[in-house]
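Structure first, commentary second.
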Amino acid sequence: MSKLPFELDPRLKNDTQHVQSLSLCDVLLMDDARFAWLVLVPRHAQLSEIADLSLDAQAILWREVHIASQALQDVAPCDKLNIGALGNIVRQLHVHVVARREGDAAWPGPVWGSGNAEPYEASALNERIERLRVRLVRGVR
């Protein structure tokens with residue numbers, strides 16, 4: 001792993017709100033009220049693939065994906081949970097966790113590139129972040 005300092009890709013920084021830092025990852029909320037959508041980003045510089053992490057760090061990543069998945073399902077019950085690490089546009093390693101509902105704005109297709117994002121209203125954003133934080137902290141214990 002690189003000795004360079006960790007910096008969040010500007011596109012992720014622009015499209016998300018920070019929710020919580022876990023032991024390996026920052027958990028971010030995609031600022032698109034159409035979907036309950038988290039992004040987990042390991043805080044290591046210059047990673048693009050899960051395989052770039054050590055085996056121990058990979059295990060931590062999947063544990064944190066599990067914790068984030070449970071938190072998201074508690075806050076936004078869904079019909080299907082989508083988890084993916086694509087990185088075709090944003091190369092920085094990040095894992096999407098998206099709670100999908102039949103009939104949502106992109107159903108049954110992927111959320112990526114589906115229409116225009118609809119940012120959360122400030123009060124709804126703050127409420128969603130706080131509810132997620134409570135569940136993420138509970139999941140870490």
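Note on naming: chains are A, B, ... as they come in the structure tokens, residues start from 1 per chain, ligands start from 1 in the order shown.
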Stretch 50-126 of chain A residues near stretch 10-26 of chain A within 12 Å, closest pair each, using only C-alpha atoms, as CSV:
```
residue,atom,partner,partner_atom,distance
A:Leu53,CA,A:Leu24,CA,10.6
A:Ser54,CA,A:Leu24,CA,11.9
A:Asp56,CA,A:Leu24,CA,10.8
A:Ala57,CA,A:Leu24,CA,7.6
A:Gln58,CA,A:Leu24,CA,9.6
A:Ala59,CA,A:Leu24,CA,10.3
A:Ile60,CA,A:Leu24,CA,6.9
A:Leu61,CA,A:Leu24,CA,6.8
A:Trp62,CA,A:Leu24,CA,10.3
A:Arg63,CA,A:Leu24,CA,9.9
A:Glu64,CA,A:Leu22,CA,7.3
A:Val65,CA,A:Cys25,CA,9.2
A:Ile67,CA,A:Leu22,CA,9.7
A:Ala68,CA,A:Leu22,CA,9.8
A:Ala71,CA,A:Val19,CA,11.5
A:Leu72,CA,A:Val19,CA,11.6
A:Gly87,CA,A:Leu12,CA,11.4
A:Ile89,CA,A:Arg11,CA,9.5
A:Val90,CA,A:Arg11,CA,7.3
A:Arg91,CA,A:Arg11,CA,10.4
A:Gln92,CA,A:Leu12,CA,9.1
A:Leu93,CA,A:Cys25,CA,10.3
A:His94,CA,A:Cys25,CA,8.9
A:Val95,CA,A:Cys25,CA,9.7
A:His96,CA,A:Leu12,CA,11.3
A:Asn116,CA,A:Asp15,CA,11.8
A:Ala117,CA,A:Asp15,CA,9.1
A:Glu118,CA,A:Asp15,CA,10.8
A:Pro119,CA,A:Asp15,CA,9.1
A:Tyr120,CA,A:Gln17,CA,10.3
A:Ala122,CA,A:Gln17,CA,11.3
A:Leu125,CA,A:Gln17,CA,8.7
A:Asn126,CA,A:Val19,CA,9.6
```
Practice task
May I have all residues of stretch 37-89 of chain A that DSSP, computed from the backbone, assigns to strand (DSSP E), given as a PyMOL selection string?
Solution key: chain A and resi 37-42+80-84
Any chance you could export the current selection's C-alpha atoms as a compact mmCIF listing (two decimals), in the first residue's frame?
```txt
# COMPACT_ATOMS: atom_id res chain seq x y z
CA TRP A 37 -27.32 4.29 -1.21
CA LEU A 38 -24.12 4.00 0.79
CA VAL A 39 -20.54 4.02 -0.48
CA LEU A 40 -17.70 2.53 1.58
CA VAL A 41 -14.21 3.80 0.82
CA PRO A 42 -11.14 2.23 2.44
CA LYS A 80 -33.18 -6.32 -2.80
CA LEU A 81 -29.79 -5.16 -1.60
CA ASN A 82 -27.27 -4.43 -4.39
CA ILE A 83 -23.56 -4.52 -3.52
CA GLY A 84 -20.88 -3.69 -6.07
```
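The coordinates place atom CA of A:Pro77 at 20.2 Å from atom CA of A:Val140.
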Practice task
Have a look at atom CA of A:Asp31 and atom CA of A:Pro5 and let me know their distance in Å, one decimal.
Solution key: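 Atom CA of A:Asp31 sits 25.3 Å away from atom CA of A:Pro5.
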Practice task
Name the residues of chain A that come out as alpha helix (DSSP H) in a backbone DSSP run; write them as number ranges by chain.
Solution key: A: 10-15, 55-75, 122-140
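Taking atom CA of A:Leu29 and atom CA of A:Arg128 as the two end points, the separation is 8.8 Å.
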Handout entry: Nearest to A:Phe35 by atom-to-atom distance, counting only C-alpha atoms, from A:Glu121, A:Arg100, A:Leu136, A:Arg131
Key =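 Looking at the shortest contact to A:Phe35, the residue is A:Arg100.
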Practice task
List the neighbours of A:Asp79 out to 8 Å using only C-alpha atoms; skip same-chain residues closer than 6 positions along the sequence, and give me the result as a list of chain:residue names.
Solution key: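 Everything that qualifies: A:Ala99, A:Arg100, A:Arg101, A:Glu102.
With only C-alpha atoms as the basis for measurement, A:Val75 is the residue among A:Leu8, A:Glu49, A:Val27, A:Val75 that approaches A:Arg135 most closely.
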Practice task
Please provide as a list in words all residues within 7 Å of A:Ala45, with the sequence filter that same-chain residues fewer than 3 positions apart are discarded (counting only C-alpha atoms).
Solution key: Ser2, Leu4, Pro5, Phe6 and Glu7 of chain A
